[in-house]
Every structure is written in C-alpha cells, then in structure tokens.
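Written below as structure tokens is the structure these notes are about.
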Amino acid sequence: AQVRANRSMIMPAGQATKDELGKESLLEVWSSMETPDAGAIGFIEIYFDTTDIQSFVTKIKYTIWAVIITMLSIVLVLINLAFREQDIKIIEQSEYLNGIISQSPIGIYTINSNGFIESYNPSMMKISGITDASETIGKNVFDAVAYQKNGLDKLLMSGLGGVPFETEVEVESSLGEHKKTYRHYYGVPLKNQKGEVEHLLVMVEDITRRKELEKEVTLHAGDLEGKINERTKAIQEKVDELERFQRLTVDRELRMAELKQEIEKMRIKLESLGVNSSMI
C-alpha cells in the first residue's frame with residue numbers, strides 16, 4: 001500500500017531479513033512495476049549491502065577529523081610560537097626597564113590605587129636610608145607621619161586621582177637614620193586602557209646639598225652686602241673729606257685773590273696821592 005501510494009520506498013531492512021541474509025548493513029528499496037494502461041502490476045524489492053559505503057563514509061569522517069585535528073594542531077603551534085616570541089619580547093622589555101629603574105640615579109617607587117608601595121629602587125633606598133626594600137614595600141604611604149606633616153599625602157592622593165604633581169618638601173624620614181632631607185617629588189599617574197589610574201609612579205631627587213649650598217650662598221651674599229656697605233661708607237667718608245678739603249683750598253685761593261685785589265687798589269690810590277708805592 002505504501003509503495004503503491006508513493007511509487008517507491010527506501011528503508012533499512014528488517015532484523016529478520018538481516019539475519020536471513022547474514023548482513024547487518026542492508027538497505028531495502030521498493031519500487032512499483034507499472035504499464036502505461038493498467039497501472040501497477042507488481043512490486044520489486046531490492047536489497048543493497050551498504051557495508052562498503054559505510055566503511056567509506058567512516059573513513060571519510062576519520063579523514064576529515066584527522067585533517068581538522070591536524071590543522072588545529074598547526075594553528076595552536078603557530079599561536080604558541082607567536083605568543084612565545086611575544087612573551088620573550090615582553091620579558092626582555094621588562095628586564096630592560098627594570099635595569100633602567102635599578103640603575104637610575106633618581107629614586108623611583110610605585111604605589112597601587114590603595115596607596116600601598118609595590119616597588120622601591122636602590123636609589124630610593126639610599127635616599128630613605130634603608131638597606132632592604134622589604135622595610136617599606138607593602139606599607140601604605142598615607143600612614144607615613146612625615147608625609148602627613150609636610151602635606152605630601154594630599155599630593156599623592158591627587159596623583160592617584162589622575163592629577164600629576166611636582167613639589168619640593170622637607171622630609172623627616174622615619175626609616176633608616178631618621179634624618180631630615182630636602183626632596184624634589186614628581187608624581188605621574190599610570191592609567192589602564194579604560195583611563196582608570198592603577199598605579200602612581202613617584203620619582204624622587206635628593207636636593208639636600210643644593211638647599212645647603214643655597215643657604216651658604218644667601219649667607220655669603222649677606223656678608224658681601226655688609227662688607228660692600230661698609231666699604232661704600234668708608235669711600236663716602238673719604239669723598240666727603242676731599243670735598244671739605246677742596247672747599248677749604250678754594251676758599252683760601254679766593255681770599256688770596258681778594259687780598260691781592262685790595263692791595264692793588266691801595267697801591268693805585270697811594271700813587272694817585274703822590275706816594276711812591278715802591279717805598280712802602
């Protein structure tokens with residue numbers, strides 16, 4: 001009835017047929033035999049052994065999976081090599097930067113967004129007067145009493161807020177020898193791709209010697225100014241004395257000239273009276 005209705009039908013063979021023919025991979029094909037006038041006059045049942053086809057399909061599947069696995073392996077190897085080269089470059093750059101920071105004559109340290117110190121280079125250790133970076137790494141900068149006294153804690157807070165800063169302050173360190181030093185601070189926020197500050201790079205220069213020289217220059221300049229004032233005063237006194245001497249000399253010369261004029265007038269007057277002035 002199904003073949004008559006569809007004119008053909010394909011389906012797997014039944015288990016009884018498989019057992020009878022001794023084949024597990026059987027495909028059962030039905031088709032109707034028809035004449036142009038009478039219609040269907042009978043039916044044909046054909047069995048196909050699909051073992052070879054299934055084996056071929058299985059081989060194709062395994063081949064495809066093998067090719068896919070091989071290609072994935074090649075891709076993974078290439079990716080691994082690419083990332084390995086990139087990792088090597090990153091490590092080299094990191095070591096290069098670490099070498100620069102370690103050899104830098106300027107003190108450098110970094111703090112995270114919560115204010116905890118993460119790194120401390122040798123120059124910063126020397127400025128702080130410590131011999132082991134572990135004495136300060138892991139501590140919070142906002143707990144430092146010295147920073148609270150000179151207002152540096154507020155600048156560090158603004159740096160973590162994304163605002164760079166530069167300042168000169170006097171620091172009485174609580175580390176090492178507990179001595180007072182003058183330091184020049186530079187704060188540079190380090191942001192991620194989203195623009196958020198993850199770290200603050202702090203560069204520190206010890207300017208204590210420069211400040212001492214500035215004080216010495218100021219004192220020396222004051223001494224020089226005092227000496228110059230004293231010298232100027234002495235020179236002014238000499239000038240005043242010379243001016244007085246000049247006035248006395250000029251006055252004397254004027255009086256002598258006046259006296260000579262008076263004598264000449266008297267001589268003329270005597271001669272007019274008939275007195276011989278040469279006898280006087």
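Labels for the structure tokens follow display order: chains A, B, ..., residues from 1 in each chain, ligands from 1.
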
With DSSP run on the backbone, what are the strand (DSSP E or B) residues within segment 20-266 of chain A? I'd like them as a count of residues only. 63

Residues within 8 Å of Glu170 of chain A, please, as a VMD selection string. Count only C-alpha atoms; anything in the same chain fewer than 5 positions from it doesn't count. chain A and resid 150 180 to 183

Can I get the selection written as a CSV table (one decimal), in the first residue's frame, with all heavy atoms?
chain,number,residue,atom,x,y,z
A,150,ASN,N,54.2,67.2,56.1
A,150,ASN,CA,54.6,68.2,55.0
A,150,ASN,C,53.5,68.3,53.9
A,150,ASN,O,53.7,68.9,52.9
A,150,ASN,CB,55.9,67.8,54.4
A,150,ASN,CG,56.0,66.4,53.9
A,150,ASN,OD1,55.0,65.8,53.5
A,150,ASN,ND2,57.1,65.8,53.9
A,180,LYS,N,66.6,64.6,58.5
A,180,LYS,CA,65.9,65.5,57.6
A,180,LYS,C,66.5,65.7,56.3
A,180,LYS,O,67.7,65.9,56.2
A,180,LYS,CB,65.7,66.8,58.3
A,180,LYS,CG,64.8,66.8,59.5
A,180,LYS,CD,64.6,68.2,60.1
A,180,LYS,CE,63.6,68.2,61.3
A,180,LYS,NZ,63.4,69.5,61.8
A,181,THR,N,65.8,65.6,55.2
A,181,THR,CA,66.3,65.8,53.9
A,181,THR,C,65.3,66.6,53.1
A,181,THR,O,64.1,66.7,53.4
A,181,THR,CB,66.5,64.5,53.1
A,181,THR,OG1,65.3,63.7,53.1
A,181,THR,CG2,67.6,63.6,53.8
A,182,TYR,N,65.9,67.3,52.1
A,182,TYR,CA,65.0,68.0,51.2
A,182,TYR,C,64.9,67.2,49.9
A,182,TYR,O,65.9,66.7,49.4
A,182,TYR,CB,65.6,69.4,50.8
A,182,TYR,CG,65.5,70.4,52.0
A,182,TYR,CD1,66.6,70.5,52.9
A,182,TYR,CD2,64.4,71.2,52.1
A,182,TYR,CE1,66.5,71.4,53.9
A,182,TYR,CE2,64.3,72.1,53.2
A,182,TYR,CZ,65.4,72.2,54.1
A,182,TYR,OH,65.3,73.1,55.1
A,183,ARG,N,63.7,67.0,49.4
A,183,ARG,CA,63.4,66.2,48.3
A,183,ARG,C,62.5,66.9,47.2
A,183,ARG,O,61.7,67.6,47.6
A,183,ARG,CB,62.8,64.8,48.7
A,183,ARG,CG,63.6,64.1,49.7
A,183,ARG,CD,62.8,62.8,50.1
A,183,ARG,NE,63.4,62.1,51.3
A,183,ARG,CZ,63.0,61.1,51.9
A,183,ARG,NH1,61.8,60.5,51.4
A,183,ARG,NH2,63.6,60.5,52.9

What does the distance between atom CA of Glu258 of chain A and atom CA of Val239 of chain A come to in Å, to one decimal place?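 The value is 28.2 Å.
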
So that I can check the surroundings of segment 155-162 of chain A, please list as a compact mmCIF listing (two decimals) with all heavy atoms, in the first residue's frame every protein, DNA and RNA residue that reaches within 8 Å of it, counting only C-alpha atoms and ignoring chain neighbours fewer than 3 positions away.
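This went into part.txt:
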# COMPACT_ATOMS: atom_id res chain seq x y z
N SER A 113 46.55 51.68 43.62
CA SER A 113 45.42 52.60 43.78
C SER A 113 44.99 52.75 45.23
O SER A 113 44.30 53.73 45.57
CB SER A 113 44.24 52.13 42.93
OG SER A 113 43.86 50.81 43.29
N GLY A 151 52.38 67.58 54.04
CA GLY A 151 51.30 67.67 53.06
C GLY A 151 51.49 66.82 51.83
O GLY A 151 50.70 66.93 50.88
N LEU A 152 52.51 65.96 51.83
CA LEU A 152 52.75 65.13 50.66
C LEU A 152 51.65 64.09 50.47
O LEU A 152 51.39 63.64 49.35
CB LEU A 152 54.12 64.44 50.79
CG LEU A 152 54.66 63.75 49.53
CD1 LEU A 152 54.79 64.73 48.39
CD2 LEU A 152 56.00 63.09 49.82
N PHE A 165 51.82 65.80 39.68
CA PHE A 165 52.27 66.86 40.58
C PHE A 165 53.79 66.93 40.61
O PHE A 165 54.49 65.99 40.24
CB PHE A 165 51.71 66.64 41.99
CG PHE A 165 52.25 65.44 42.70
CD1 PHE A 165 53.42 65.49 43.44
CD2 PHE A 165 51.58 64.22 42.62
CE1 PHE A 165 53.91 64.36 44.08
CE2 PHE A 165 52.06 63.09 43.26
CZ PHE A 165 53.23 63.17 44.00
N GLY A 187 55.14 63.20 40.55
CA GLY A 187 54.12 62.15 40.58
C GLY A 187 53.46 62.00 39.22
O GLY A 187 52.97 62.99 38.66
N VAL A 188 53.48 60.77 38.68
CA VAL A 188 52.93 60.51 37.35
C VAL A 188 51.89 59.38 37.46
O VAL A 188 52.25 58.24 37.75
CB VAL A 188 54.02 60.11 36.34
CG1 VAL A 188 53.41 59.89 34.96
CG2 VAL A 188 55.11 61.17 36.29
N PRO A 189 50.60 59.67 37.24
CA PRO A 189 49.58 58.59 37.27
C PRO A 189 49.76 57.64 36.08
O PRO A 189 50.00 58.08 34.95
CB PRO A 189 48.26 59.36 37.17
CG PRO A 189 48.59 60.79 37.50
CD PRO A 189 50.00 61.00 37.05
N VAL A 197 43.21 55.06 36.85
CA VAL A 197 44.55 55.05 37.45
C VAL A 197 44.73 53.75 38.23
O VAL A 197 44.00 53.49 39.19
CB VAL A 197 44.75 56.27 38.37
CG1 VAL A 197 46.13 56.21 39.03
CG2 VAL A 197 44.61 57.56 37.58
N GLU A 198 45.71 52.95 37.82
CA GLU A 198 46.00 51.70 38.51
C GLU A 198 47.22 51.83 39.42
O GLU A 198 47.31 51.17 40.46
CB GLU A 198 46.24 50.58 37.51
CG GLU A 198 45.00 50.15 36.75
CD GLU A 198 45.25 48.96 35.86
OE1 GLU A 198 46.44 48.65 35.59
OE2 GLU A 198 44.27 48.29 35.46
N HIS A 199 48.18 52.70 39.02
CA HIS A 199 49.40 52.89 39.80
C HIS A 199 49.81 54.35 39.75
O HIS A 199 49.39 55.09 38.86
CB HIS A 199 50.54 52.02 39.26
CG HIS A 199 50.21 50.55 39.19
ND1 HIS A 199 50.32 49.70 40.27
CD2 HIS A 199 49.76 49.80 38.16
CE1 HIS A 199 49.96 48.49 39.91
NE2 HIS A 199 49.60 48.51 38.63
N LEU A 200 50.64 54.73 40.69
CA LEU A 200 51.24 56.08 40.69
C LEU A 200 52.75 55.92 40.72
O LEU A 200 53.30 55.30 41.62
CB LEU A 200 50.76 56.88 41.90
CG LEU A 200 51.33 58.31 41.99
CD1 LEU A 200 50.83 59.15 40.82
CD2 LEU A 200 50.95 58.96 43.32

With 12 Å as the cut-off and only C-alpha atoms counted, what is the closest atom pair between each nearby residue of segment 40-110 of chain A and segment 13-20 of chain A? Distances in Å to one decimal, ordered by chain and number, as CSV.
residue,atom,partner,partner_atom,distance
A:Glu45,CA,A:Ala13,CA,10.6
A:Ile46,CA,A:Ala13,CA,10.0
A:Tyr47,CA,A:Ala13,CA,7.7
A:Phe48,CA,A:Ala13,CA,9.2
A:Asp49,CA,A:Ala13,CA,10.1
A:Thr50,CA,A:Ala13,CA,11.1

Residues from the last selection, N, CA, C and O atoms, saved as an mmCIF file, in the first residue's frame:
data_model
loop_
_atom_site.group_PDB
_atom_site.id
_atom_site.type_symbol
_atom_site.label_atom_id
_atom_site.label_comp_id
_atom_site.auth_asym_id
_atom_site.auth_seq_id
_atom_site.Cartn_x
_atom_site.Cartn_y
_atom_site.Cartn_z
ATOM 1 N N GLU A 45 11.427 -5.690 -4.882
ATOM 2 C CA GLU A 45 12.145 -5.421 -3.637
ATOM 3 C C GLU A 45 13.622 -5.723 -3.866
ATOM 4 O O GLU A 45 13.983 -6.847 -4.230
ATOM 5 N N ILE A 46 14.485 -4.727 -3.654
ATOM 6 C CA ILE A 46 15.932 -4.858 -3.866
ATOM 7 C C ILE A 46 16.646 -4.557 -2.548
ATOM 8 O O ILE A 46 16.292 -3.624 -1.823
ATOM 9 N N TYR A 47 17.656 -5.390 -2.314
ATOM 10 C CA TYR A 47 18.463 -5.173 -1.115
ATOM 11 C C TYR A 47 19.885 -4.737 -1.518
ATOM 12 O O TYR A 47 20.505 -5.347 -2.392
ATOM 13 N N PHE A 48 20.363 -3.697 -0.842
ATOM 14 C CA PHE A 48 21.722 -3.193 -1.083
ATOM 15 C C PHE A 48 22.566 -3.425 0.165
ATOM 16 O O PHE A 48 22.165 -3.042 1.282
ATOM 17 N N ASP A 49 23.719 -4.029 -0.047
ATOM 18 C CA ASP A 49 24.683 -4.179 1.055
ATOM 19 C C ASP A 49 25.494 -2.874 1.137
ATOM 20 O O ASP A 49 26.286 -2.565 0.246
ATOM 21 N N THR A 50 25.295 -2.093 2.203
ATOM 22 C CA THR A 50 25.936 -0.776 2.331
ATOM 23 C C THR A 50 27.179 -0.823 3.204
ATOM 24 O O THR A 50 27.645 0.213 3.708
#

Thr51 of chain A: which residues within 8 Å, counting only C-alpha atoms, same-chain residues fewer than 2 positions away excluded, as number ranges by chain? A: 25-26, 49, 53-55

Print the selection's residues with N, CA and C atoms to a file, as an mmCIF file, in the first residue's frame.
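Generated output (part-v6.cif):
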data_model
loop_
_atom_site.group_PDB
_atom_site.id
_atom_site.type_symbol
_atom_site.label_atom_id
_atom_site.label_comp_id
_atom_site.auth_asym_id
_atom_site.auth_seq_id
_atom_site.Cartn_x
_atom_site.Cartn_y
_atom_site.Cartn_z
ATOM 1 N N SER A 25 24.359 -4.531 7.402
ATOM 2 C CA SER A 25 24.184 -3.238 6.732
ATOM 3 C C SER A 25 23.416 -3.457 5.441
ATOM 4 N N LEU A 26 22.091 -3.505 5.572
ATOM 5 C CA LEU A 26 21.230 -3.730 4.420
ATOM 6 C C LEU A 26 20.262 -2.565 4.254
ATOM 7 N N ASP A 49 23.719 -4.029 -0.047
ATOM 8 C CA ASP A 49 24.683 -4.179 1.055
ATOM 9 C C ASP A 49 25.494 -2.874 1.137
ATOM 10 N N ILE A 53 29.932 1.168 1.621
ATOM 11 C CA ILE A 53 29.620 2.603 1.661
ATOM 12 C C ILE A 53 29.830 3.164 3.065
ATOM 13 N N GLN A 54 29.346 2.417 4.053
ATOM 14 C CA GLN A 54 29.507 2.873 5.426
ATOM 15 C C GLN A 54 30.983 2.923 5.829
ATOM 16 N N SER A 55 31.734 1.907 5.341
ATOM 17 C CA SER A 55 33.173 1.929 5.622
ATOM 18 C C SER A 55 33.830 3.154 4.987
#

According to DSSP computed on the backbone, where in segment 132-249 of chain A is there helix (DSSP H, G or I)? Give the residues as a VMD selection string. chain A and resid 133 to 135 141 to 143 145 to 150 152 to 160 208 to 249

May I ask which of the residues A:Arg7, A:Ala144, A:Ile60, A:Glu262 is the closest one to Ile41 of chain A, counting only C-alpha atoms?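 Answer, going by the shortest atom-to-atom distance: A:Arg7.
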
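Atom pair atom CA of Tyr185 of chain A / atom CA of Phe142 of chain A: separated by 15.7 Å.
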